[in-house]
$ cat coords23.tsv   # TSV, C-alpha atoms
chain	number	residue	atom	x	y	z
A	1	MET	CA	-10.06	-7.18	91.70
A	2	HIS	CA	-9.47	-3.58	90.66
A	3	LEU	CA	-5.74	-4.20	90.22
A	4	LEU	CA	-6.72	-5.76	86.92
A	5	TRP	CA	-7.54	-2.39	85.48
A	6	ARG	CA	-4.42	-0.52	86.62
A	7	ASN	CA	-2.84	-0.56	83.19
A	8	PRO	CA	-3.23	1.45	79.95
A	9	VAL	CA	-6.26	-0.64	78.92
A	10	ALA	CA	-8.09	0.30	82.11
A	11	SER	CA	-10.33	3.25	81.43
A	12	THR	CA	-11.25	2.36	77.87
A	13	VAL	CA	-11.41	-1.40	77.79
A	14	PHE	CA	-13.11	-1.98	81.11
A	15	ALA	CA	-15.74	0.63	80.33
A	16	LEU	CA	-16.29	-0.87	76.89
A	17	THR	CA	-16.45	-4.38	78.30
A	18	VAL	CA	-19.16	-3.56	80.80
A	19	THR	CA	-21.04	-1.21	78.51
A	20	ALA	CA	-21.02	-3.65	75.62
A	21	SER	CA	-22.28	-6.42	77.82
A	22	LEU	CA	-25.13	-4.24	79.00
A	23	LEU	CA	-25.91	-3.37	75.41
A	24	SER	CA	-25.66	-6.97	74.22
A	25	SER	CA	-29.29	-7.60	74.95
A	26	GLU	CA	-30.01	-4.56	72.79
A	27	GLY	CA	-27.59	-5.88	70.18
A	28	VAL	CA	-29.65	-9.05	70.17
A	29	ALA	CA	-32.67	-6.90	69.62
A	30	HIS	CA	-31.81	-6.51	65.94
A	31	ALA	CA	-32.47	-10.21	65.52
A	32	GLN	CA	-34.52	-10.78	68.64
A	33	ASN	CA	-35.82	-7.99	70.81
A	34	PRO	CA	-36.69	-9.48	74.19
A	35	SER	CA	-39.15	-6.70	74.86
A	36	SER	CA	-40.93	-7.09	71.56
A	37	GLN	CA	-41.03	-10.84	71.87
A	38	THR	CA	-42.38	-10.76	75.40
A	39	LYS	CA	-45.28	-8.44	74.84
A	40	SER	CA	-48.37	-9.87	76.44
A	41	SER	CA	-50.43	-11.83	73.99
A	42	GLY	CA	-53.44	-10.79	76.03
A	43	SER	CA	-55.15	-11.56	79.27
A	44	SER	CA	-56.75	-14.80	80.35
A	45	LYS	CA	-60.11	-13.40	79.29
A	46	PRO	CA	-61.52	-13.72	75.74
A	47	THR	CA	-60.92	-10.70	73.51
A	48	ARG	CA	-63.77	-9.23	71.49
A	49	HIS	CA	-63.05	-7.15	68.40
A	50	ASP	CA	-65.59	-4.39	67.76
A	51	SER	CA	-65.09	-4.48	64.00
A	52	ALA	CA	-66.32	-8.04	63.82
A	53	ASP	CA	-68.30	-10.20	66.15
A	54	VAL	CA	-65.39	-12.56	66.77
A	55	VAL	CA	-64.18	-13.83	70.12
A	56	VAL	CA	-60.56	-14.99	70.37
A	57	THR	CA	-59.92	-17.33	73.28
A	58	LEU	CA	-56.36	-17.87	74.43
A	59	SER	CA	-55.04	-21.34	75.05
A	60	PRO	CA	-53.98	-22.17	78.63
A	61	GLU	CA	-50.32	-21.84	77.58
A	62	GLU	CA	-50.90	-18.45	75.94
A	63	ALA	CA	-52.76	-17.24	79.02
A	64	GLU	CA	-49.92	-18.38	81.27
A	65	GLU	CA	-47.34	-16.66	79.09
A	66	GLY	CA	-49.40	-13.47	79.19
A	67	ARG	CA	-49.51	-13.45	82.98
A	68	LEU	CA	-45.76	-14.09	83.26
A	69	ASN	CA	-45.08	-11.41	80.69
A	70	ASP	CA	-47.13	-8.86	82.60
A	71	ALA	CA	-45.05	-9.53	85.71
A	72	TYR	CA	-41.78	-9.41	83.78
A	73	GLN	CA	-42.53	-6.27	81.77
A	74	SER	CA	-43.50	-4.20	84.82
A	75	ILE	CA	-39.92	-4.72	86.09
A	76	ALA	CA	-38.14	-4.61	82.73
A	77	GLN	CA	-39.63	-1.18	82.01
A	78	GLN	CA	-38.43	0.10	85.39
A	79	ARG	CA	-34.95	-1.39	84.74
A	80	LYS	CA	-34.44	0.95	81.76
A	81	GLY	CA	-33.01	3.36	84.31
A	82	THR	CA	-30.39	2.44	86.87
A	83	CYS	CA	-30.35	-1.12	88.17
A	84	THR	CA	-30.93	-1.21	91.90
A	85	GLU	CA	-31.13	-3.90	94.55
A	86	ALA	CA	-34.86	-3.25	94.68
A	87	ILE	CA	-35.20	-4.13	91.00
A	88	ILE	CA	-33.15	-7.30	91.43
A	89	GLU	CA	-35.34	-8.26	94.39
A	90	ARG	CA	-38.47	-7.72	92.30
A	91	TYR	CA	-37.16	-10.16	89.69
A	92	ARG	CA	-36.45	-12.66	92.46
A	93	SER	CA	-39.78	-12.29	94.20
A	94	GLU	CA	-42.21	-11.51	91.37
A	95	VAL	CA	-40.90	-13.30	88.27
A	96	LEU	CA	-38.65	-16.22	89.19
A	97	PRO	CA	-41.05	-17.99	91.60
A	98	ARG	CA	-43.97	-17.66	89.17
A	99	ALA	CA	-41.89	-18.89	86.25
A	100	GLU	CA	-40.57	-21.85	88.24
A	101	LYS	CA	-44.14	-22.91	89.01
A	102	ALA	CA	-45.32	-22.50	85.40
A	103	ALA	CA	-47.20	-25.47	84.00
A	104	PHE	CA	-45.92	-25.07	80.44
A	105	ASN	CA	-42.30	-25.60	79.47
A	106	VAL	CA	-41.77	-22.77	76.97
A	107	PRO	CA	-43.16	-19.90	79.08
A	108	LYS	CA	-41.35	-21.32	82.11
A	109	ASN	CA	-37.94	-21.39	80.42
A	110	LYS	CA	-38.54	-18.12	78.57
A	111	PHE	CA	-39.04	-16.01	81.68
A	112	LEU	CA	-36.43	-17.83	83.73
A	113	PHE	CA	-33.98	-17.02	80.91
A	114	LEU	CA	-35.02	-13.36	80.65
A	115	ALA	CA	-35.14	-12.66	84.39
A	116	ASN	CA	-31.78	-14.28	85.12
A	117	ARG	CA	-30.19	-12.48	82.16
A	118	ASP	CA	-31.50	-9.13	83.38
A	119	ILE	CA	-30.28	-9.82	86.92
A	120	GLY	CA	-26.86	-10.68	85.47
A	121	ASN	CA	-26.73	-7.39	83.60
A	122	CYS	CA	-27.66	-5.54	86.78
A	123	TYR	CA	-24.85	-7.24	88.68
A	124	LEU	CA	-22.47	-6.48	85.82
A	125	ALA	CA	-23.36	-2.79	86.02
A	126	GLN	CA	-22.60	-2.93	89.74
A	127	GLN	CA	-19.28	-4.70	89.03
A	128	ASP	CA	-20.44	-7.71	91.03
A	129	PHE	CA	-18.78	-10.11	88.61
A	130	VAL	CA	-19.33	-13.23	90.70
A	131	GLY	CA	-23.06	-12.54	90.92
A	132	ALA	CA	-23.19	-11.65	87.24
A	133	GLU	CA	-21.54	-14.89	86.14
A	134	ALA	CA	-23.84	-16.97	88.34
A	135	SER	CA	-26.94	-15.30	86.87
A	136	PHE	CA	-25.74	-15.60	83.28
A	137	GLN	CA	-24.89	-19.27	83.84
A	138	LYS	CA	-28.42	-19.82	85.11
A	139	SER	CA	-29.94	-18.12	82.09
A	140	LEU	CA	-27.83	-20.37	79.86
A	141	GLN	CA	-29.54	-23.41	81.37
A	142	TYR	CA	-32.92	-22.26	80.05
A	143	ALA	CA	-31.77	-20.98	76.65
A	144	PRO	CA	-31.98	-24.36	74.82
A	145	VAL	CA	-35.78	-24.31	75.30
A	146	TRP	CA	-36.18	-20.53	74.80
A	147	PRO	CA	-34.96	-18.71	72.76
A	148	GLY	CA	-33.08	-21.79	71.47
A	149	THR	CA	-29.44	-22.57	70.76
A	150	ASP	CA	-29.87	-21.36	67.16
A	151	ASP	CA	-30.82	-17.87	68.34
A	152	SER	CA	-28.23	-15.10	68.56
A	153	ALA	CA	-29.07	-14.65	72.25
A	154	TYR	CA	-27.22	-17.90	72.97
A	155	PRO	CA	-23.72	-16.84	71.84
A	156	VAL	CA	-24.35	-13.38	73.29
A	157	ASN	CA	-25.10	-15.02	76.63
A	158	LEU	CA	-21.77	-16.84	76.44
A	159	ARG	CA	-20.03	-13.51	75.84
A	160	GLN	CA	-21.80	-12.06	78.87
A	161	ILE	CA	-20.47	-14.97	80.92
A	162	ALA	CA	-17.00	-14.25	79.55
A	163	THR	CA	-17.31	-10.58	80.51
A	164	ALA	CA	-18.07	-11.55	84.11
A	165	GLN	CA	-15.17	-14.00	84.07
A	166	MET	CA	-12.84	-11.28	82.78
A	167	GLY	CA	-13.89	-9.09	85.70
A	168	GLN	CA	-12.74	-11.88	88.01
A	169	GLN	CA	-9.44	-12.30	86.10
A	170	HIS	CA	-10.46	-15.82	85.12
A	171	TRP	CA	-8.79	-15.51	81.74
A	172	GLY	CA	-8.80	-19.20	80.81
A	173	ASP	CA	-12.52	-19.51	81.51
A	174	ALA	CA	-13.23	-16.31	79.61
A	175	GLU	CA	-11.27	-17.56	76.60
A	176	GLU	CA	-13.25	-20.81	76.59
A	177	SER	CA	-16.58	-18.97	76.81
A	178	LEU	CA	-15.62	-16.63	73.97
A	179	GLN	CA	-14.42	-19.48	71.75
A	180	LYS	CA	-17.81	-21.15	72.21
A	181	SER	CA	-19.52	-17.87	71.42
A	182	LEU	CA	-17.52	-17.47	68.21
A	183	SER	CA	-18.20	-21.04	67.09
A	184	LEU	CA	-21.94	-20.51	67.46
A	185	PHE	CA	-21.83	-17.19	65.62
A	186	ASP	CA	-19.99	-18.87	62.72
A	187	SER	CA	-22.68	-21.50	62.30
A	188	GLN	CA	-25.48	-18.94	62.61
A	189	ILE	CA	-23.86	-16.61	60.08
A	190	ASP	CA	-23.40	-19.48	57.64
A	191	LYS	CA	-27.05	-20.45	58.00
A	192	ALA	CA	-28.22	-16.84	57.58
A	193	LEU	CA	-26.21	-16.36	54.39
A	194	LYS	CA	-27.76	-19.50	52.90
A	195	SER	CA	-31.30	-18.46	53.79
A	196	ASP	CA	-33.96	-17.85	51.16
A	197	SER	CA	-34.94	-14.73	53.06
A	198	GLU	CA	-33.27	-11.50	51.95
A	199	PHE	CA	-33.64	-10.11	55.48
A	200	PHE	CA	-31.67	-13.04	56.92
A	201	ARG	CA	-28.98	-12.76	54.24
A	202	THR	CA	-28.51	-9.03	54.78
A	203	GLU	CA	-29.64	-7.32	57.99
A	204	HIS	CA	-29.71	-10.42	60.20
A	205	ALA	CA	-26.34	-11.68	58.92
A	206	GLY	CA	-24.91	-8.19	59.44
A	207	ASN	CA	-26.03	-8.11	63.06
A	208	LEU	CA	-24.60	-11.57	63.67
A	209	ARG	CA	-21.29	-10.50	62.14
A	210	GLY	CA	-21.19	-7.37	64.26
A	211	SER	CA	-21.80	-9.34	67.43
A	212	LYS	CA	-19.16	-11.86	66.38
A	213	ALA	CA	-16.75	-8.95	65.94
A	214	THR	CA	-17.44	-7.91	69.53
A	215	SER	CA	-16.67	-11.42	70.79
A	216	LEU	CA	-13.42	-11.40	68.81
A	217	ALA	CA	-12.45	-8.02	70.28
A	218	TYR	CA	-13.09	-9.34	73.79
A	219	LEU	CA	-10.94	-12.36	73.01
A	220	GLY	CA	-8.20	-9.91	72.04
A	221	ILE	CA	-8.49	-8.36	75.51
A	222	VAL	CA	-8.13	-11.80	77.09
A	223	TYR	CA	-5.04	-12.55	75.02
A	224	VAL	CA	-3.34	-9.27	75.86
A	225	ARG	CA	-4.01	-9.77	79.57
A	226	GLU	CA	-2.43	-13.23	79.28
A	227	GLY	CA	0.65	-11.69	77.66
A	228	ARG	CA	-0.10	-13.22	74.27
A	229	THR	CA	0.39	-9.96	72.41
A	230	ALA	CA	0.81	-11.36	68.90
A	231	GLU	CA	-2.45	-13.32	69.20
A	232	ALA	CA	-4.17	-10.28	70.70
A	233	LEU	CA	-3.23	-8.07	67.74
A	234	LYS	CA	-4.16	-10.76	65.22
A	235	THR	CA	-7.51	-11.38	66.87
A	236	VAL	CA	-8.52	-7.75	67.10
A	237	ASP	CA	-7.56	-7.36	63.41
A	238	LEU	CA	-9.98	-10.22	62.67
A	239	ALA	CA	-12.61	-8.36	64.68
A	240	TYR	CA	-12.05	-5.25	62.58
A	241	ALA	CA	-12.33	-7.22	59.34
A	242	GLU	CA	-15.59	-8.77	60.54
A	243	ALA	CA	-17.01	-5.40	61.56
A	244	LYS	CA	-16.22	-3.99	58.09
A	245	LYS	CA	-18.30	-6.60	56.29
A	246	PRO	CA	-21.60	-5.67	54.56
A	247	ASN	CA	-24.67	-4.77	56.62
A	248	VAL	CA	-22.77	-4.44	59.93
A	249	SER	CA	-23.86	-1.51	62.08
A	250	GLN	CA	-21.35	1.29	62.61
A	251	SER	CA	-21.74	0.88	66.37
A	252	PHE	CA	-20.02	-2.51	66.24
A	253	LEU	CA	-17.12	-1.07	64.25
A	254	SER	CA	-16.72	1.87	66.64
A	255	GLU	CA	-16.47	-0.47	69.61
A	256	VAL	CA	-13.91	-2.69	67.90
A	257	VAL	CA	-11.79	0.33	66.93
A	258	GLN	CA	-11.69	1.64	70.50
A	259	ILE	CA	-10.70	-1.77	71.85
A	260	GLY	CA	-8.14	-2.26	69.07
A	261	ARG	CA	-6.50	1.07	69.80
A	262	SER	CA	-6.23	0.24	73.49
A	263	ILE	CA	-4.76	-3.19	72.82
A	264	ALA	CA	-2.22	-1.70	70.40
A	265	GLN	CA	-1.16	0.84	73.02
A	266	VAL	CA	-0.69	-1.89	75.62
A	267	THR	CA	1.46	-4.03	73.33
A	268	GLY	CA	3.66	-1.07	72.46
A	269	ASP	CA	3.80	-2.25	68.85
A	270	LYS	CA	4.48	0.96	66.88
A	271	ASP	CA	3.10	-0.40	63.61
A	272	ALA	CA	-0.10	-1.56	65.31
A	273	ILE	CA	-0.47	1.77	67.10
A	274	ALA	CA	-0.12	3.65	63.81
A	275	LYS	CA	-2.54	1.32	62.02
A	276	TRP	CA	-5.25	1.57	64.67
A	277	SER	CA	-4.87	5.33	65.00
A	278	GLN	CA	-5.91	5.62	61.33
A	279	ARG	CA	-8.91	3.33	61.62
A	280	SER	CA	-12.40	4.65	62.14
$ encode --input "coords23.tsv" --output "structure tokens"
Amino acid sequence: MHLLWRNPVASTVFALTVTASLLSSEGVAHAQNPSSQTKSSGSSKPTRHDSADVVVTLSPEEAEEGRLNDAYQSIAQQRKGTCTEAIIERYRSEVLPRAEKAAFNVPKNKFLFLANRDIGNCYLAQQDFVGAEASFQKSLQYAPVWPGTDDSAYPVNLRQIATAQMGQQHWGDAEESLQKSLSLFDSQIDKALKSDSEFFRTEHAGNLRGSKATSLAYLGIVYVREGRTAEALKTVDLAYAEAKKPNVSQSFLSEVVQIGRSIAQVTGDKDAIAKWSQRS
């Protein structure tokens, strides 16, 4: 497996690939922060507000989601440090069984998606690419129900799958996953730009474009590893153009530039090397 990285792309691209995948859930956070969206809506008991004599009673579905969220958050907070086998085991023993037995469809799929995604990111950090792909594929099964195929988490999940496939040198599979990711980003960006909401037209569209740029840069890595150097250079140029569009975070551009420079070095194209050396 490690023979894959014994080339000039090795230290930069592999590190960026893994790091970006780990950060992808945070990248999604601009449009959908899993932590903020999974905060407990309360306990199963009624809540009394002191300022007014009002009792708010949760529905059975809300109560179930709250209990699942409490179990999930206790592990997700611990996972902010280094992923360990103990953390993975906690997801498997404390979240997955409870979510699988959930009576309501949305909470069930929501926490099966989140737990499997987090396990996948842990495996990715450990360079267990087979385990990572399996976990990301599982999370993809639940995504249509929550967060939905129109959410940015869906194409990000496909890129995470591609990252795991790249680690296994499954270049054809990775290309297919990234092409699907890009297609979904295109439709989401188009919808955001046509929205009546200024936030969706600006900040949300910018985050979608930045994440699309990352998927394009990864596709450039796939192409260069397949020996398709002209396509690799063209694709990473498209990534740069996307990352330079309005409202895109500088972090997306910085990642694209580092990948572009590495790809240019691998191709040996002097013009591309000069061009990318001047980009920032």
$ closest_residue --input "coords23.tsv" --among "A:Ser93, A:Ser177, A:Ser254, A:Ser262" --to "Val156 of chain A" --atoms "only C-alpha atoms"
A:Ser177
$ closest_residue --input "coords23.tsv" --among "A:Ala153, A:Leu233, A:Ala125, A:Ile119" --to "Lys275 of chain A" --atoms "all atoms listed in the file"
A:Leu233
$ residues_around --input "coords23.tsv" --residues "segment 263-274 of chain A" --least-positions-apart "2" --cutoff "10 Å" --atoms "all atoms listed in the file" --output "ChimeraX atom specification"
/A:7-9,12-13,217,220-221,223-225,227-230,232-233,236-237,257-261,276-279
$ atom_distance --input "coords23.tsv" --atom1 "atom CA of Ser59 of chain A" --atom2 "atom CA of Ala76 of chain A"
25.0 Å
$ atom_distance --input "coords23.tsv" --atom1 "atom CA of Glu100 of chain A" --atom2 "atom CA of Glu65 of chain A"
12.5 Å
$ residues_around --input "coords23.tsv" --residues "Leu184 of chain A" --least-positions-apart "3" --cutoff "12 Å" --atoms "only C-alpha atoms" --output "PDB file with C-alpha atoms, keeping the file's coordinate frame"
ATOM      1  CA  GLY A 148     -33.080 -21.790  71.470  1.00  0.00           C
ATOM      2  CA  THR A 149     -29.440 -22.570  70.760  1.00  0.00           C
ATOM      3  CA  ASP A 150     -29.870 -21.360  67.160  1.00  0.00           C
ATOM      4  CA  ASP A 151     -30.820 -17.870  68.340  1.00  0.00           C
ATOM      5  CA  SER A 152     -28.230 -15.100  68.560  1.00  0.00           C
ATOM      6  CA  ALA A 153     -29.070 -14.650  72.250  1.00  0.00           C
ATOM      7  CA  TYR A 154     -27.220 -17.900  72.970  1.00  0.00           C
ATOM      8  CA  PRO A 155     -23.720 -16.840  71.840  1.00  0.00           C
ATOM      9  CA  VAL A 156     -24.350 -13.380  73.290  1.00  0.00           C
ATOM     10  CA  ASN A 157     -25.100 -15.020  76.630  1.00  0.00           C
ATOM     11  CA  LEU A 158     -21.770 -16.840  76.440  1.00  0.00           C
ATOM     12  CA  ARG A 159     -20.030 -13.510  75.840  1.00  0.00           C
ATOM     13  CA  SER A 177     -16.580 -18.970  76.810  1.00  0.00           C
ATOM     14  CA  LEU A 178     -15.620 -16.630  73.970  1.00  0.00           C
ATOM     15  CA  GLN A 179     -14.420 -19.480  71.750  1.00  0.00           C
ATOM     16  CA  LYS A 180     -17.810 -21.150  72.210  1.00  0.00           C
ATOM     17  CA  SER A 181     -19.520 -17.870  71.420  1.00  0.00           C
ATOM     18  CA  SER A 187     -22.680 -21.500  62.300  1.00  0.00           C
ATOM     19  CA  GLN A 188     -25.480 -18.940  62.610  1.00  0.00           C
ATOM     20  CA  ILE A 189     -23.860 -16.610  60.080  1.00  0.00           C
ATOM     21  CA  ASP A 190     -23.400 -19.480  57.640  1.00  0.00           C
ATOM     22  CA  LYS A 191     -27.050 -20.450  58.000  1.00  0.00           C
ATOM     23  CA  LEU A 208     -24.600 -11.570  63.670  1.00  0.00           C
ATOM     24  CA  ARG A 209     -21.290 -10.500  62.140  1.00  0.00           C
ATOM     25  CA  SER A 211     -21.800  -9.340  67.430  1.00  0.00           C
ATOM     26  CA  LYS A 212     -19.160 -11.860  66.380  1.00  0.00           C
ATOM     27  CA  SER A 215     -16.670 -11.420  70.790  1.00  0.00           C
TER      28      SER A 215
END
$ closest_residue --input "coords23.tsv" --among "A:Asn247, A:Pro60, A:Asp173, A:Thr163" --to "Asp128 of chain A" --atoms "all atoms listed in the file"
A:Thr163
$ atom_distance --input "coords23.tsv" --atom1 "atom CA of Ile75 of chain A" --atom2 "atom CA of Thr57 of chain A"
26.9 Å
$ closest_residue --input "coords23.tsv" --among "A:Ser139, A:Gln127, A:Ser197, A:Ser280" --to "Gly167 of chain A" --atoms "all atoms listed in the file"
A:Gln127
$ closest_residue --input "coords23.tsv" --among "A:Gln160, A:Glu198, A:Ala102, A:Glu85" --to "Gly120 of chain A" --atoms "all atoms listed in the file"
A:Gln160
$ residues_near_point --input "coords23.tsv" --point "(-30.5, -9.1, 88.3)" --cutoff "10 Å" --atoms "only C-alpha atoms" --output "PyMOL selection string"
chain A and resi 79+83-92+114-125+131-132+135-136
$ write_last_selection --input "coords23.tsv" --atoms "C-alpha atoms" --output "PDB file, keeping the file's coordinate frame"
ATOM      1  CA  ARG A  79     -34.950  -1.390  84.740  1.00  0.00           C
ATOM      2  CA  CYS A  83     -30.350  -1.120  88.170  1.00  0.00           C
ATOM      3  CA  THR A  84     -30.930  -1.210  91.900  1.00  0.00           C
ATOM      4  CA  GLU A  85     -31.130  -3.900  94.550  1.00  0.00           C
ATOM      5  CA  ALA A  86     -34.860  -3.250  94.680  1.00  0.00           C
ATOM      6  CA  ILE A  87     -35.200  -4.130  91.000  1.00  0.00           C
ATOM      7  CA  ILE A  88     -33.150  -7.300  91.430  1.00  0.00           C
ATOM      8  CA  GLU A  89     -35.340  -8.260  94.390  1.00  0.00           C
ATOM      9  CA  ARG A  90     -38.470  -7.720  92.300  1.00  0.00           C
ATOM     10  CA  TYR A  91     -37.160 -10.160  89.690  1.00  0.00           C
ATOM     11  CA  ARG A  92     -36.450 -12.660  92.460  1.00  0.00           C
ATOM     12  CA  LEU A 114     -35.020 -13.360  80.650  1.00  0.00           C
ATOM     13  CA  ALA A 115     -35.140 -12.660  84.390  1.00  0.00           C
ATOM     14  CA  ASN A 116     -31.780 -14.280  85.120  1.00  0.00           C
ATOM     15  CA  ARG A 117     -30.190 -12.480  82.160  1.00  0.00           C
ATOM     16  CA  ASP A 118     -31.500  -9.130  83.380  1.00  0.00           C
ATOM     17  CA  ILE A 119     -30.280  -9.820  86.920  1.00  0.00           C
ATOM     18  CA  GLY A 120     -26.860 -10.680  85.470  1.00  0.00           C
ATOM     19  CA  ASN A 121     -26.730  -7.390  83.600  1.00  0.00           C
ATOM     20  CA  CYS A 122     -27.660  -5.540  86.780  1.00  0.00           C
ATOM     21  CA  TYR A 123     -24.850  -7.240  88.680  1.00  0.00           C
ATOM     22  CA  LEU A 124     -22.470  -6.480  85.820  1.00  0.00           C
ATOM     23  CA  ALA A 125     -23.360  -2.790  86.020  1.00  0.00           C
ATOM     24  CA  GLY A 131     -23.060 -12.540  90.920  1.00  0.00           C
ATOM     25  CA  ALA A 132     -23.190 -11.650  87.240  1.00  0.00           C
ATOM     26  CA  SER A 135     -26.940 -15.300  86.870  1.00  0.00           C
ATOM     27  CA  PHE A 136     -25.740 -15.600  83.280  1.00  0.00           C
TER      28      PHE A 136
END
$ closest_residue --input "coords23.tsv" --among "A:Gly206, A:Lys194, A:Leu182, A:Gln165" --to "Thr235 of chain A" --atoms "all atoms listed in the file"
A:Leu182
$ decode --input "coords23.tsv" --residues "segment 154-169 of chain A" --atoms "N, CA and C atoms" --output "mmCIF file, in the first residue's frame"
data_model
loop_
_atom_site.group_PDB
_atom_site.id
_atom_site.type_symbol
_atom_site.label_atom_id
_atom_site.label_comp_id
_atom_site.auth_asym_id
_atom_site.auth_seq_id
_atom_site.Cartn_x
_atom_site.Cartn_y
_atom_site.Cartn_z
ATOM 1 N N TYR A 154 -23.726 15.017 1.566
ATOM 2 C CA TYR A 154 -23.819 13.879 0.653
ATOM 3 C C TYR A 154 -22.641 13.839 -0.330
ATOM 4 N N PRO A 155 -22.375 14.918 -1.083
ATOM 5 C CA PRO A 155 -21.193 14.879 -1.955
ATOM 6 C C PRO A 155 -19.876 14.830 -1.194
ATOM 7 N N VAL A 156 -19.842 15.380 0.027
ATOM 8 C CA VAL A 156 -18.640 15.274 0.848
ATOM 9 C C VAL A 156 -18.403 13.818 1.224
ATOM 10 N N ASN A 157 -19.474 13.109 1.546
ATOM 11 C CA ASN A 157 -19.360 11.690 1.876
ATOM 12 C C ASN A 157 -18.783 10.902 0.702
ATOM 13 N N LEU A 158 -19.217 11.237 -0.502
ATOM 14 C CA LEU A 158 -18.676 10.574 -1.693
ATOM 15 C C LEU A 158 -17.185 10.858 -1.842
ATOM 16 N N ARG A 159 -16.761 12.077 -1.515
ATOM 17 C CA ARG A 159 -15.329 12.392 -1.581
ATOM 18 C C ARG A 159 -14.558 11.616 -0.507
ATOM 19 N N GLN A 160 -15.159 11.425 0.652
ATOM 20 C CA GLN A 160 -14.510 10.628 1.687
ATOM 21 C C GLN A 160 -14.326 9.183 1.217
ATOM 22 N N ILE A 161 -15.344 8.655 0.544
ATOM 23 C CA ILE A 161 -15.223 7.319 -0.033
ATOM 24 C C ILE A 161 -14.077 7.289 -1.037
ATOM 25 N N ALA A 162 -14.002 8.310 -1.879
ATOM 26 C CA ALA A 162 -12.933 8.380 -2.877
ATOM 27 C C ALA A 162 -11.562 8.426 -2.213
ATOM 28 N N THR A 163 -11.454 9.163 -1.112
ATOM 29 C CA THR A 163 -10.173 9.255 -0.411
ATOM 30 C C THR A 163 -9.718 7.882 0.063
ATOM 31 N N ALA A 164 -10.654 7.114 0.622
ATOM 32 C CA ALA A 164 -10.326 5.757 1.072
ATOM 33 C C ALA A 164 -9.961 4.865 -0.111
ATOM 34 N N GLN A 165 -10.639 5.058 -1.225
ATOM 35 C CA GLN A 165 -10.331 4.269 -2.431
ATOM 36 C C GLN A 165 -8.959 4.638 -2.989
ATOM 37 N N MET A 166 -8.599 5.906 -2.915
ATOM 38 C CA MET A 166 -7.268 6.331 -3.348
ATOM 39 C C MET A 166 -6.188 5.668 -2.495
ATOM 40 N N GLY A 167 -6.439 5.561 -1.195
ATOM 41 C CA GLY A 167 -5.484 4.914 -0.309
ATOM 42 C C GLY A 167 -5.262 3.460 -0.655
ATOM 43 N N GLN A 168 -6.257 2.856 -1.309
ATOM 44 C CA GLN A 168 -6.148 1.454 -1.723
ATOM 45 C C GLN A 168 -5.668 1.318 -3.172
ATOM 46 N N GLN A 169 -5.372 2.446 -3.816
ATOM 47 C CA GLN A 169 -4.958 2.489 -5.219
ATOM 48 C C GLN A 169 -6.078 2.034 -6.156
#
